[in-house]
There are 2 protein chains.
Amino acid sequence: MCWPPCNKTDAVTPSSATTRGRLLLIPNTLDLGCLDDTAPAPALTQVLPVGTVEAAAGLRHWIAENAKTTRAFLKRVAALRPLAAPLQEQHIAVLPRPPKGHGVAITAESAEVALRELLAPALAGHDVGLISEAGLPAVADPGAAVVLAAHRLGIPVVALSGPSAIVLALAASGLQGQSFAFVGYLPVDAGARQQRIRELEQLSRKAGQTQLVIETPYRNPALWDALLQALQPGTLLSVSCGLTLDDGWSRTDTVARWREQPLTLPTDIPAVFGWLAR
Amino acid sequence: MCWPPCNKTDAVTPSSATTRGRLLLIPNTLDLGCLDDTAPAPALTQVLPVGTVEAAAGLRHWIAENAKTTRAFLKRVAALRPLAAPLQEQHIAVLPRPPKGHGVAITAESAEVALRELLAPALAGHDVGLISEAGLPAVADPGAAVVLAAHRLGIPVVALSGPSAIVLALAASGLQGQSFAFVGYLPVDAGARQQRIRELEQLSRKAGQTQLVIETPYRNPALWDALLQALQPGTLLSVSCGLTLDDGWSRTDTVARWREQPLTLPTDIPAVFGWLAR
């Protein structure tokens, strides 16, 4: 039916040492980084499928955006399913972190050696998990280069079901969901940011395309103000805050009406912003 | 912390008749329409969080892309959790289906009355579920107009965690995940389709943006051929097929290398296509 042929046995048993392991993309919850250490973590299965939790429990090798949040994730997994190896014996390799900031390009061929090293356990026949601080790995984070390297090396890539703040925010916005773009971060410089917002608004109008951006949480209020200032009054503007958390919320209104409403955005919780020009 | 203030009690108890109910965006699995009636459905919790299943079980009112697949979904929910009302007493209102095809615009103010009618149970204080044939509602389907109407009517919108084929395909592609666009369907006419592919390839090169499209499954092979013909040899081209299914797979390679490999795409299973020009 599909090519390449896969059968159920391949999908559930660990690969033997004579063949390549798989790269499993393990979604994380969207709450880490939002909760202080004293707050109880919500049950993992409220947000992640059991199938994803079980796949995570079966791994011993990880490539992680952040080792600390990966260990926190594994502790929550261990509370539900026995881990294939104790936490202290889990191999967690950390992704090389790109320079902080905006518009980071995908890793070039020059990084091939480092990527190959990260994927060495898969080349040796072990399944490897790729995991982010939050949400789906390789979406809005530096993990894509590892996935692309896996394809180059003939390592099967399997994306497991879980939440992505970007599409949850899109769904909750009510904005055009049949054409949308995620454009990452906007420039920090006020002038450049305003110009970029207007450029994306024109693109939205021309293509009928929802534009989505994220921001470092402490800059949420500044971005909100910039959006209200730069966008046209009739443009629909949406913000989703703390998605999948108990006190999360999503709101959409025209820029004109938003300008009449005071809105205090949190500075410690991720938000996703979207707009659609009409 | 956030505005509007929500507390846990609001999030778990049904709204009283004096206040508005909520619009819950209930993700569906990605397998319906792929399985024949005799094939056993995989366990819902392999792909959906228990929290989502429990929220679905608690509802009596639905707005659905497809009543038949909604009933099939509810049968699978009922196998795990008792439903708030028996299947035959569930209220399932079907979304007005937009004309078949490509580039459907969001519903205009003129449809306000119909949307208000769909949302009447929420206005009367009942929680209402919005559900698609597959994946997240209001993403790549006609549900966004209902969500936008909910925002206009002051009905709280809550997106629940679940799979979206589009972002899972993006994650599994290894293509640029910090800037990506989903552009829906391409034109069916061969000439127009080729022109559109080239236009999107130029946009991808200029913006460093992954472009994602879907196709009606029986046209998967024709779209694949068109992509191989129209795209530049160095462009990275990815296809994901049967995501979250046991025999699902994802592959990415350059167009040049794809041209040397025979690839038989299934005509009965959804696929997501993505490319990144370099």
# chains A, B, ... in the order shown; residues from 1 in each chain; ligands from 1
$ interface_residues --of "chain A" --to "chain B" --cutoff "7 Å" --atoms "only C-alpha atoms" --output "ChimeraX atom specification"
/A:1-3,6-8,11,45-52,106,137-141,144-145,147-148,151,157-163,168,171-184,244,246-247,249-252,263-266
$ select_by_dssp --residues "range 91-235 of chain A" --states "strand (DSSP E or B)" --output "number ranges by chain"
A: 91-94, 128-131, 135, 157-159, 180-182, 210-214
$ atom_distance --atom1 "CA of His61 in chain A" --atom2 "CA of Val239 in chain B"
26.1 Å
$ atom_distance --atom1 "CA of Gly234 in chain B" --atom2 "CA of Ala111 in chain A"
18.5 Å
$ residues_around --residues "Thr70 in chain A" --least-positions-apart "6" --cutoff "9 Å" --atoms "only C-alpha atoms" --output "MDAnalysis selection string"
chainID A and resid 28 62 64 92 131:133
$ select_by_dssp --residues "range 105-144 of chain B" --states "alpha helix (DSSP H)" --output "list in words"
Glu112, Val113, Ala114, Leu115, Arg116, Glu117, Leu118, Ala120, Pro121, Ala122, Leu123 and Ala144 of chain B
$ closest_residue --among "B:Ala57, B:Ile63, B:Ala277, B:Val272" --to "Pro217 in chain B" --atoms "only C-alpha atoms"
B:Val272
$ residues_around --residues "range 229-231 of chain A" --least-positions-apart "5" --cutoff "8 Å" --atoms "only C-alpha atoms" --output "list of chain:residue names"
A:Gln194, A:Ile197, A:Arg198, A:Glu201, A:Val255
$ decode --residues "range 173-206 of chain A" --atoms "N, CA and C atoms" --output "PDB file, in the first residue's frame"
ATOM      1  N   SER A 173      -8.098  30.192  17.202  1.00  0.00           N
ATOM      2  CA  SER A 173      -8.228  31.589  16.768  1.00  0.00           C
ATOM      3  C   SER A 173      -9.469  31.828  15.927  1.00  0.00           C
ATOM      4  N   GLY A 174      -9.914  30.807  15.203  1.00  0.00           N
ATOM      5  CA  GLY A 174     -10.994  31.013  14.248  1.00  0.00           C
ATOM      6  C   GLY A 174     -10.538  31.730  12.983  1.00  0.00           C
ATOM      7  N   LEU A 175      -9.249  31.986  12.882  1.00  0.00           N
ATOM      8  CA  LEU A 175      -8.729  32.610  11.665  1.00  0.00           C
ATOM      9  C   LEU A 175      -8.576  31.538  10.571  1.00  0.00           C
ATOM     10  N   GLN A 176      -8.282  31.999   9.357  1.00  0.00           N
ATOM     11  CA  GLN A 176      -8.195  31.092   8.214  1.00  0.00           C
ATOM     12  C   GLN A 176      -7.290  29.908   8.528  1.00  0.00           C
ATOM     13  N   GLY A 177      -7.863  28.698   8.529  1.00  0.00           N
ATOM     14  CA  GLY A 177      -7.107  27.509   8.869  1.00  0.00           C
ATOM     15  C   GLY A 177      -6.757  26.679   7.646  1.00  0.00           C
ATOM     16  N   GLN A 178      -7.162  27.178   6.478  1.00  0.00           N
ATOM     17  CA  GLN A 178      -6.845  26.447   5.245  1.00  0.00           C
ATOM     18  C   GLN A 178      -5.648  27.071   4.534  1.00  0.00           C
ATOM     19  N   SER A 179      -5.152  28.149   5.086  1.00  0.00           N
ATOM     20  CA  SER A 179      -3.906  28.758   4.613  1.00  0.00           C
ATOM     21  C   SER A 179      -3.331  29.545   5.779  1.00  0.00           C
ATOM     22  N   PHE A 180      -2.171  29.124   6.257  1.00  0.00           N
ATOM     23  CA  PHE A 180      -1.568  29.825   7.395  1.00  0.00           C
ATOM     24  C   PHE A 180      -0.058  29.687   7.352  1.00  0.00           C
ATOM     25  N   ALA A 181       0.610  30.639   7.971  1.00  0.00           N
ATOM     26  CA  ALA A 181       2.074  30.609   8.028  1.00  0.00           C
ATOM     27  C   ALA A 181       2.526  30.897   9.447  1.00  0.00           C
ATOM     28  N   PHE A 182       3.516  30.152   9.881  1.00  0.00           N
ATOM     29  CA  PHE A 182       4.198  30.454  11.135  1.00  0.00           C
ATOM     30  C   PHE A 182       5.534  31.059  10.758  1.00  0.00           C
ATOM     31  N   VAL A 183       5.797  32.261  11.265  1.00  0.00           N
ATOM     32  CA  VAL A 183       7.010  32.966  10.838  1.00  0.00           C
ATOM     33  C   VAL A 183       8.001  33.179  11.989  1.00  0.00           C
ATOM     34  N   GLY A 184       7.799  32.452  13.073  1.00  0.00           N
ATOM     35  CA  GLY A 184       8.780  32.485  14.157  1.00  0.00           C
ATOM     36  C   GLY A 184       8.687  33.746  14.994  1.00  0.00           C
ATOM     37  N   TYR A 185       9.844  34.375  15.205  1.00  0.00           N
ATOM     38  CA  TYR A 185       9.931  35.588  16.019  1.00  0.00           C
ATOM     39  C   TYR A 185       9.978  36.815  15.116  1.00  0.00           C
ATOM     40  N   LEU A 186       9.488  37.927  15.625  1.00  0.00           N
ATOM     41  CA  LEU A 186       9.614  39.197  14.911  1.00  0.00           C
ATOM     42  C   LEU A 186      10.885  39.902  15.409  1.00  0.00           C
ATOM     43  N   PRO A 187      11.385  40.877  14.636  1.00  0.00           N
ATOM     44  CA  PRO A 187      12.573  41.612  15.106  1.00  0.00           C
ATOM     45  C   PRO A 187      12.288  42.303  16.445  1.00  0.00           C
ATOM     46  N   VAL A 188      13.317  42.421  17.283  1.00  0.00           N
ATOM     47  CA  VAL A 188      13.164  43.079  18.580  1.00  0.00           C
ATOM     48  C   VAL A 188      13.157  44.608  18.417  1.00  0.00           C
ATOM     49  N   ASP A 189      13.948  45.104  17.489  1.00  0.00           N
ATOM     50  CA  ASP A 189      14.002  46.548  17.231  1.00  0.00           C
ATOM     51  C   ASP A 189      12.618  47.065  16.809  1.00  0.00           C
ATOM     52  N   ALA A 190      12.165  48.122  17.487  1.00  0.00           N
ATOM     53  CA  ALA A 190      10.777  48.593  17.312  1.00  0.00           C
ATOM     54  C   ALA A 190      10.457  48.958  15.860  1.00  0.00           C
ATOM     55  N   GLY A 191      11.373  49.674  15.213  1.00  0.00           N
ATOM     56  CA  GLY A 191      11.122  50.087  13.831  1.00  0.00           C
ATOM     57  C   GLY A 191      11.054  48.903  12.880  1.00  0.00           C
ATOM     58  N   ALA A 192      12.030  48.027  13.014  1.00  0.00           N
ATOM     59  CA  ALA A 192      12.078  46.849  12.147  1.00  0.00           C
ATOM     60  C   ALA A 192      10.867  45.944  12.407  1.00  0.00           C
ATOM     61  N   ARG A 193      10.460  45.885  13.679  1.00  0.00           N
ATOM     62  CA  ARG A 193       9.311  45.044  14.022  1.00  0.00           C
ATOM     63  C   ARG A 193       8.041  45.584  13.387  1.00  0.00           C
ATOM     64  N   GLN A 194       7.856  46.902  13.470  1.00  0.00           N
ATOM     65  CA  GLN A 194       6.664  47.516  12.890  1.00  0.00           C
ATOM     66  C   GLN A 194       6.615  47.269  11.373  1.00  0.00           C
ATOM     67  N   GLN A 195       7.772  47.429  10.745  1.00  0.00           N
ATOM     68  CA  GLN A 195       7.832  47.211   9.297  1.00  0.00           C
ATOM     69  C   GLN A 195       7.488  45.752   8.950  1.00  0.00           C
ATOM     70  N   ARG A 196       8.020  44.839   9.747  1.00  0.00           N
ATOM     71  CA  ARG A 196       7.777  43.412   9.504  1.00  0.00           C
ATOM     72  C   ARG A 196       6.303  43.058   9.714  1.00  0.00           C
ATOM     73  N   ILE A 197       5.688  43.634  10.755  1.00  0.00           N
ATOM     74  CA  ILE A 197       4.266  43.363  11.009  1.00  0.00           C
ATOM     75  C   ILE A 197       3.430  43.831   9.819  1.00  0.00           C
ATOM     76  N   ARG A 198       3.748  45.031   9.297  1.00  0.00           N
ATOM     77  CA  ARG A 198       2.974  45.569   8.166  1.00  0.00           C
ATOM     78  C   ARG A 198       3.174  44.738   6.904  1.00  0.00           C
ATOM     79  N   GLU A 199       4.404  44.277   6.720  1.00  0.00           N
ATOM     80  CA  GLU A 199       4.723  43.419   5.568  1.00  0.00           C
ATOM     81  C   GLU A 199       3.907  42.114   5.655  1.00  0.00           C
ATOM     82  N   LEU A 200       3.866  41.538   6.863  1.00  0.00           N
ATOM     83  CA  LEU A 200       3.118  40.290   7.043  1.00  0.00           C
ATOM     84  C   LEU A 200       1.613  40.521   6.944  1.00  0.00           C
ATOM     85  N   GLU A 201       1.164  41.720   7.312  1.00  0.00           N
ATOM     86  CA  GLU A 201      -0.257  42.029   7.169  1.00  0.00           C
ATOM     87  C   GLU A 201      -0.634  42.125   5.685  1.00  0.00           C
ATOM     88  N   GLN A 202       0.236  42.746   4.903  1.00  0.00           N
ATOM     89  CA  GLN A 202      -0.014  42.826   3.453  1.00  0.00           C
ATOM     90  C   GLN A 202      -0.043  41.436   2.828  1.00  0.00           C
ATOM     91  N   LEU A 203       0.901  40.602   3.255  1.00  0.00           N
ATOM     92  CA  LEU A 203       0.945  39.229   2.763  1.00  0.00           C
ATOM     93  C   LEU A 203      -0.337  38.489   3.149  1.00  0.00           C
ATOM     94  N   SER A 204      -0.792  38.706   4.374  1.00  0.00           N
ATOM     95  CA  SER A 204      -2.016  38.077   4.846  1.00  0.00           C
ATOM     96  C   SER A 204      -3.211  38.488   3.986  1.00  0.00           C
ATOM     97  N   ARG A 205      -3.278  39.784   3.656  1.00  0.00           N
ATOM     98  CA  ARG A 205      -4.391  40.287   2.847  1.00  0.00           C
ATOM     99  C   ARG A 205      -4.333  39.705   1.448  1.00  0.00           C
ATOM    100  N   LYS A 206      -3.155  39.738   0.864  1.00  0.00           N
ATOM    101  CA  LYS A 206      -2.981  39.297  -0.527  1.00  0.00           C
ATOM    102  C   LYS A 206      -3.264  37.792  -0.673  1.00  0.00           C
TER     103      LYS A 206
END
